[in-house]
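For reference, the structure discussed in these notes is given below.
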Amino acid sequence: MARARPGRQERNQNVNASQDDSISTVTTARLAQVASSGIWASSTTVNPDAANVGEALVATLKGETTRTVLTSDLQQLTDSVLRIATVEFPNVTAPDGIRISAHTIKHNTGGPRPVVIVPAGWTPFGWVLFEYAHLQLALKGYHVLAYTPRGIGLTTKLPGGGYLDSFWTSGGTIDVAGPQDWSDGSAVIDFAQEYFEPSSVAFLGESYGSGISQLVAAHDPEDRVKAVVALSTWGNLATSLLHHDTRHLQAVQSLISFTGGPVERKFDEENRRILQDFDLGQNLDGVRDWGRLRAPESYLKETNDRRIPTFFSNAWHETLFPVNELLETFTRLTVPKRLNLWIGDHAAPEGAGLTIPLSGPSQAVAEAFAWLDHHVLGVENGVRDWPQVDTQVMFTYQTRVNPDTGQNVITEQARREPRQNWDEVTADTERWYLADTTSGGQDGALTADPASGWSREFTAGSLTDATAVDEVMFTGQAEWNGNPKIYETGKFDRQNLVVWATEPLAGDPGTQTARQIRGIPRVRLTVRSTADSTTLVAYLFDIAEDDTARIITHEPYTLTDLTPDQDVTVDWNLQAAAYDLPVGHRLALVINSRDQLYSTASVEDSTTTISSPGADASYLDLPLG
């Protein structure tokens, strides 16, 4: 198998003023903006200030700037790395001849040391975006090899025809963590072993890179991966994309927007067909098979047999890779393992810590690095005694208002709760039955006793103000930074949804918490529709005294092949949560027929009815910690 020798990627050696001016200067103000806002500018774009940090670091390392474009601490970081290591930008040749853009940091002194291989996430900036993390790993004593998975990276269509790739863009088309990506990962290991002669090999990945890291570790023919860090990751891509017969449309649309180029350039015919089938809701068994092939969960035997220590990080309100499917994968692993669950959405907990220097340490990144230090460098740093699970309780942070922006700033981080394993997260379950209200109000009640003989209906097919997020990734990034979405429940149109709520809840004397919700809620409903299909979306809300609300969790469920006007009983799990419901607040279950995140089988202007037959009461099971 051919492999490129290490060397700087070909580039124009005549660095001129126009090149120099193409790199914006990194300032403390721009770093502060990324620290306070995050790495996403929207659901389909990277924060340009975050991308600029990576580009400025790389340009400085390559000597392509005639002026200082970094803050003093970032300049000191690059100087420190260049004093101890050789920085290169080679290409690695994949088994099928595809060029893989890579970046190496090789220590100049000392004996053999481990290499950390970092497959890039699914962004137009490839390995460049997390250059700060690569330099930090080098300072910790690792060789580093970062690479952009095939097909990923910025590709510009030229007016006269053809395409122009950025130097960090890899050739080929995106395999979506498929077999080509597994063999590419092994080729990268081959390259790393020849170039670094490392003592061992570890993988660290964020998002797309995290799934590839797990899959390469499970499939490498020579079993060379000794530890994995998987941040904002997935366990089963099939259920991430399609679950409860509901397609996660916006998640896939966001990913397609992040490839860095046109679909016809970025995907081969087979994968374009899969994406089209998914979009149209056809041949879904084939889509599921395609997703299972790319699911680390499908290869747990290999991972377990190889005893690969694996570190996971995810967020409660993850919109790309919902938390429940990762929990299933995690609980079935028998290797040394760790799961951190955080407030927010995809890459919000780790993204800024991988991209820029923060005013304080990033716990999400610091613990990931500590995992590597213990399992790869052999450092006795307490990791051996870590519990398997550590959950951050939603919105328990303390904040103040920034008078310049009107946004909250976190002054004290949210509380975390370590548990020896996932089973210890839920200590008890409380059942709330759906009922009518005795006062005849517009909403139903959640009560402690079974209630039957009632029904509530709504008109299906319309979007409502009860929605999981305003924007994929972006809404959850704001809540990670202290600004969770506030819902005005008075705007919930009861023509298009139904609500059941408790009375204001009390807690134990002297406490401020009425319920500690910990784990996976479950609903059971009797449903009928005037149409032959419908989608139900269940939400749990925390409603304050002023009738504003925060979302706790949600999950859709699609019913097809219904007999119109005939009852069917269904039950399904909502996404896991860790949430403290304050004393005096009400818990509400809301059901509607459509959320912008998902496909819907609801027929516009059809009627959906929820009821509670005497022999099969409708209820909500609430997990408690």
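Simple scheme: letters A, B, ... for chains in structure tokens order, numbers from 1 for residues in each chain, numbers from 1 for ligands in the order shown.
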Open item on the list: Would you pick out the contacts of segment 455-472 of chain A at 6 Å or less, using only C-alpha atoms, so that residues sharing its chain but fewer than 3 positions from it are not included, and give the list as a ChimeraX atom specification?
Closed with: /A:43,475,492,495-497,593-595,602-611
Those same residues - N, CA and C atoms - I'd like them written as a PDB file, in the first residue's frame.
```pdb
ATOM      1  N   SER A  43     -27.267  26.609  12.869  1.00  0.00           N
ATOM      2  CA  SER A  43     -27.347  25.150  12.725  1.00  0.00           C
ATOM      3  C   SER A  43     -26.595  24.644  11.506  1.00  0.00           C
ATOM      4  N   THR A 475     -29.701  26.194  19.591  1.00  0.00           N
ATOM      5  CA  THR A 475     -30.498  26.421  20.793  1.00  0.00           C
ATOM      6  C   THR A 475     -29.834  25.768  22.002  1.00  0.00           C
ATOM      7  N   PHE A 492     -49.153  28.195  23.556  1.00  0.00           N
ATOM      8  CA  PHE A 492     -49.397  26.840  23.078  1.00  0.00           C
ATOM      9  C   PHE A 492     -50.849  26.749  22.594  1.00  0.00           C
ATOM     10  N   GLN A 495     -55.724  24.160  20.098  1.00  0.00           N
ATOM     11  CA  GLN A 495     -56.376  23.523  18.958  1.00  0.00           C
ATOM     12  C   GLN A 495     -55.484  22.463  18.322  1.00  0.00           C
ATOM     13  N   ASN A 496     -54.165  22.638  18.489  1.00  0.00           N
ATOM     14  CA  ASN A 496     -53.213  21.783  17.797  1.00  0.00           C
ATOM     15  C   ASN A 496     -52.334  20.955  18.730  1.00  0.00           C
ATOM     16  N   LEU A 497     -52.646  20.959  19.997  1.00  0.00           N
ATOM     17  CA  LEU A 497     -51.920  20.131  20.953  1.00  0.00           C
ATOM     18  C   LEU A 497     -52.778  19.940  22.193  1.00  0.00           C
ATOM     19  N   SER A 593     -48.513  16.959  17.139  1.00  0.00           N
ATOM     20  CA  SER A 593     -48.403  16.029  16.012  1.00  0.00           C
ATOM     21  C   SER A 593     -47.232  16.318  15.093  1.00  0.00           C
ATOM     22  N   ARG A 594     -46.458  17.375  15.443  1.00  0.00           N
ATOM     23  CA  ARG A 594     -45.417  17.754  14.490  1.00  0.00           C
ATOM     24  C   ARG A 594     -44.374  18.613  15.177  1.00  0.00           C
ATOM     25  N   ASP A 595     -43.112  18.331  14.874  1.00  0.00           N
ATOM     26  CA  ASP A 595     -41.991  19.151  15.333  1.00  0.00           C
ATOM     27  C   ASP A 595     -41.065  19.362  14.146  1.00  0.00           C
ATOM     28  N   SER A 602     -48.602  12.773  10.191  1.00  0.00           N
ATOM     29  CA  SER A 602     -49.916  13.336  10.491  1.00  0.00           C
ATOM     30  C   SER A 602     -50.524  13.955   9.242  1.00  0.00           C
ATOM     31  N   VAL A 603     -51.783  13.717   9.058  1.00  0.00           N
ATOM     32  CA  VAL A 603     -52.519  14.275   7.924  1.00  0.00           C
ATOM     33  C   VAL A 603     -53.100  15.606   8.359  1.00  0.00           C
ATOM     34  N   GLU A 604     -52.809  16.640   7.582  1.00  0.00           N
ATOM     35  CA  GLU A 604     -53.263  17.986   7.956  1.00  0.00           C
ATOM     36  C   GLU A 604     -54.781  18.023   8.121  1.00  0.00           C
ATOM     37  N   ASP A 605     -55.208  18.634   9.208  1.00  0.00           N
ATOM     38  CA  ASP A 605     -56.617  18.818   9.568  1.00  0.00           C
ATOM     39  C   ASP A 605     -57.323  17.523   9.973  1.00  0.00           C
ATOM     40  N   SER A 606     -56.567  16.429  10.099  1.00  0.00           N
ATOM     41  CA  SER A 606     -57.160  15.241  10.710  1.00  0.00           C
ATOM     42  C   SER A 606     -57.266  15.476  12.213  1.00  0.00           C
ATOM     43  N   THR A 607     -57.998  14.612  12.891  1.00  0.00           N
ATOM     44  CA  THR A 607     -58.185  14.749  14.337  1.00  0.00           C
ATOM     45  C   THR A 607     -57.522  13.578  15.055  1.00  0.00           C
ATOM     46  N   THR A 608     -56.701  13.899  16.048  1.00  0.00           N
ATOM     47  CA  THR A 608     -56.089  12.893  16.903  1.00  0.00           C
ATOM     48  C   THR A 608     -56.742  12.977  18.279  1.00  0.00           C
ATOM     49  N   THR A 609     -57.104  11.836  18.820  1.00  0.00           N
ATOM     50  CA  THR A 609     -57.763  11.792  20.122  1.00  0.00           C
ATOM     51  C   THR A 609     -56.946  10.930  21.078  1.00  0.00           C
ATOM     52  N   ILE A 610     -56.709  11.467  22.273  1.00  0.00           N
ATOM     53  CA  ILE A 610     -56.052  10.732  23.347  1.00  0.00           C
ATOM     54  C   ILE A 610     -57.122  10.390  24.380  1.00  0.00           C
ATOM     55  N   SER A 611     -57.125   9.131  24.817  1.00  0.00           N
ATOM     56  CA  SER A 611     -58.132   8.723  25.795  1.00  0.00           C
ATOM     57  C   SER A 611     -57.502   7.791  26.825  1.00  0.00           C
TER      58      SER A 611
END
```
Task: Nearest to Asp561 of chain A by atom-to-atom distance, counting only C-alpha atoms, from A:Arg416, A:Lys140, A:Arg528, A:Arg30 - done: A:Arg528
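Summary of the local environment: counting only C-alpha atoms, residues at most 7 Å from segment 56-65 of chain A, other than itself and those fewer than 2 positions away along its chain, are Val15, Asp20, Ile23, Asn52, Val53, Gly54, Arg67, Val69, Leu70, Thr78 and Glu131 of chain A.
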Store the residues picked out above in a file with N, CA and C atoms, as a PDB file, in the first residue's frame.
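Result file is selection04.pdb:
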```pdb
ATOM      1  N   VAL A  15       5.052  34.024  -0.146  1.00  0.00           N
ATOM      2  CA  VAL A  15       4.052  34.593   0.746  1.00  0.00           C
ATOM      3  C   VAL A  15       4.009  36.091   0.506  1.00  0.00           C
ATOM      4  N   ASP A  20      -1.135  37.148   3.427  1.00  0.00           N
ATOM      5  CA  ASP A  20      -1.053  37.518   4.833  1.00  0.00           C
ATOM      6  C   ASP A  20      -2.355  38.143   5.299  1.00  0.00           C
ATOM      7  N   ILE A  23      -5.664  36.073   6.537  1.00  0.00           N
ATOM      8  CA  ILE A  23      -5.820  35.553   7.887  1.00  0.00           C
ATOM      9  C   ILE A  23      -6.155  36.712   8.822  1.00  0.00           C
ATOM     10  N   ASN A  52     -11.349  30.981  12.562  1.00  0.00           N
ATOM     11  CA  ASN A  52     -10.197  31.855  12.370  1.00  0.00           C
ATOM     12  C   ASN A  52      -9.048  31.490  13.305  1.00  0.00           C
ATOM     13  N   VAL A  53      -9.371  31.047  14.531  1.00  0.00           N
ATOM     14  CA  VAL A  53      -8.310  30.650  15.464  1.00  0.00           C
ATOM     15  C   VAL A  53      -7.495  29.509  14.875  1.00  0.00           C
ATOM     16  N   GLY A  54      -8.182  28.470  14.384  1.00  0.00           N
ATOM     17  CA  GLY A  54      -7.472  27.348  13.796  1.00  0.00           C
ATOM     18  C   GLY A  54      -6.649  27.752  12.587  1.00  0.00           C
ATOM     19  N   ARG A  67       3.102  38.959   9.701  1.00  0.00           N
ATOM     20  CA  ARG A  67       2.742  39.743  10.884  1.00  0.00           C
ATOM     21  C   ARG A  67       2.191  38.785  11.927  1.00  0.00           C
ATOM     22  N   VAL A  69      -0.518  37.247  14.031  1.00  0.00           N
ATOM     23  CA  VAL A  69      -1.976  37.142  13.909  1.00  0.00           C
ATOM     24  C   VAL A  69      -2.582  36.469  15.130  1.00  0.00           C
ATOM     25  N   LEU A  70      -1.770  36.196  16.151  1.00  0.00           N
ATOM     26  CA  LEU A  70      -2.238  35.505  17.341  1.00  0.00           C
ATOM     27  C   LEU A  70      -2.132  36.382  18.568  1.00  0.00           C
ATOM     28  N   THR A  78       2.325  28.273  20.165  1.00  0.00           N
ATOM     29  CA  THR A  78       2.966  27.787  18.937  1.00  0.00           C
ATOM     30  C   THR A  78       4.485  27.768  19.093  1.00  0.00           C
ATOM     31  N   GLU A 131      -7.146  22.852  15.900  1.00  0.00           N
ATOM     32  CA  GLU A 131      -5.691  22.936  15.985  1.00  0.00           C
ATOM     33  C   GLU A 131      -5.215  23.258  17.400  1.00  0.00           C
TER      34      GLU A 131
END
```
Per DSSP on the backbone, what are the alpha helix (DSSP H) residues of segment 72-194 of chain A, as a compact mmCIF listing (two decimals) with C-alpha atoms, in the first residue's frame?
```
# COMPACT_ATOMS: atom_id res chain seq x y z
CA SER A 72 0.35 36.58 23.04
CA ASP A 73 -0.68 33.34 24.77
CA LEU A 74 -1.48 31.60 21.48
CA GLN A 75 1.80 32.82 20.02
CA GLN A 76 3.57 31.42 23.08
CA LEU A 77 1.74 28.12 22.53
CA THR A 78 2.97 27.79 18.94
CA ASP A 79 6.49 28.83 19.94
CA SER A 80 6.53 26.24 22.73
CA VAL A 81 5.46 23.44 20.39
CA LEU A 82 7.95 24.43 17.68
CA ARG A 83 10.78 24.32 20.23
CA ILE A 84 10.10 20.66 21.06
CA GLU A 131 -5.69 22.94 15.98
CA TYR A 132 -5.59 24.36 19.52
CA ALA A 133 -6.35 20.88 20.90
CA HIS A 134 -3.64 19.30 18.76
CA LEU A 135 -1.07 21.71 20.20
CA GLN A 136 -2.29 21.06 23.74
CA LEU A 137 -1.91 17.31 23.24
CA ALA A 138 1.63 17.85 21.97
CA LEU A 139 2.54 19.85 25.07
CA PRO A 179 -15.87 0.64 5.67
CA GLN A 180 -13.71 2.99 3.60
CA ASP A 181 -13.28 5.21 6.66
CA TRP A 182 -12.30 2.19 8.75
CA SER A 183 -9.60 1.17 6.28
CA ASP A 184 -8.47 4.82 5.97
CA GLY A 185 -8.03 4.87 9.74
CA SER A 186 -5.84 1.77 9.60
CA ALA A 187 -3.79 3.37 6.79
CA VAL A 188 -3.32 6.42 9.00
CA ILE A 189 -2.09 4.12 11.80
CA ASP A 190 0.36 2.53 9.32
CA PHE A 191 1.64 5.98 8.46
CA ALA A 192 1.90 6.97 12.12
CA GLN A 193 3.85 3.86 13.03
CA GLU A 194 6.37 4.44 10.26
```
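A straight line drawn from atom CA of Arg550 of chain A to atom CA of Thr45 of chain A is 25.9 Å long.
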Open item on the list: So that I can check the secondary structure, give me every residue of segment 331-563 of chain A assigned strand (DSSP E) by backbone DSSP, as JSON, numbers by chain.
Closed with: {"A": [337, 338, 339, 340, 341, 342, 389, 390, 391, 392, 398, 399, 400, 401, 408, 409, 410, 411, 412, 416, 417, 418, 419, 428, 429, 430, 431, 432, 433, 434, 435, 444, 445, 446, 447, 455, 456, 457, 458, 459, 487, 488, 497, 498, 499, 500, 501, 513, 514, 515, 516, 517, 518, 519, 522, 523, 524, 525, 526, 527, 528, 529, 534, 535, 536, 537, 538, 539, 540, 541, 542, 543, 548, 549, 550, 551, 552, 553, 554, 555, 556, 557, 558, 559]}
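Using only C-alpha atoms, the smallest distance between any of A:Glu424, A:Asp373, A:Asp565, A:Asp279 and Asp390 of chain A comes from A:Glu424.
Distances to Arg431 of chain A were evaluated for A:Tyr619, A:Phe278, A:Phe311, A:Trp572 using only C-alpha atoms, and the minimum falls at A:Tyr619.
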Task: Within 8 Å of Ser42 of chain A using only C-alpha atoms, minus same-chain residues under 5 positions, as number ranges by chain - done: A: 47, 471, 473-474
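Among the candidates A:Asp542, A:Glu328, A:Asp567, A:Asp220, the one nearest to Asp616 of chain A when counting only C-alpha atoms is A:Asp567.
Among the candidates A:Val527, A:Ala414, A:Ala617, A:Leu358, the residue lying nearest to Trp432 of chain A is A:Ala617 (atoms considered: only C-alpha atoms).
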- [ ] Tell me, as a PyMOL selection string, which residues lie within 12 Å of Asp175 of chain A, counting only C-alpha atoms; anything in the same chain fewer than 3 positions away does not count.
- [x] chain A and resi 122+149-152+171-172+178-184+208+212+259+266-272+274-275+290-291+293-294
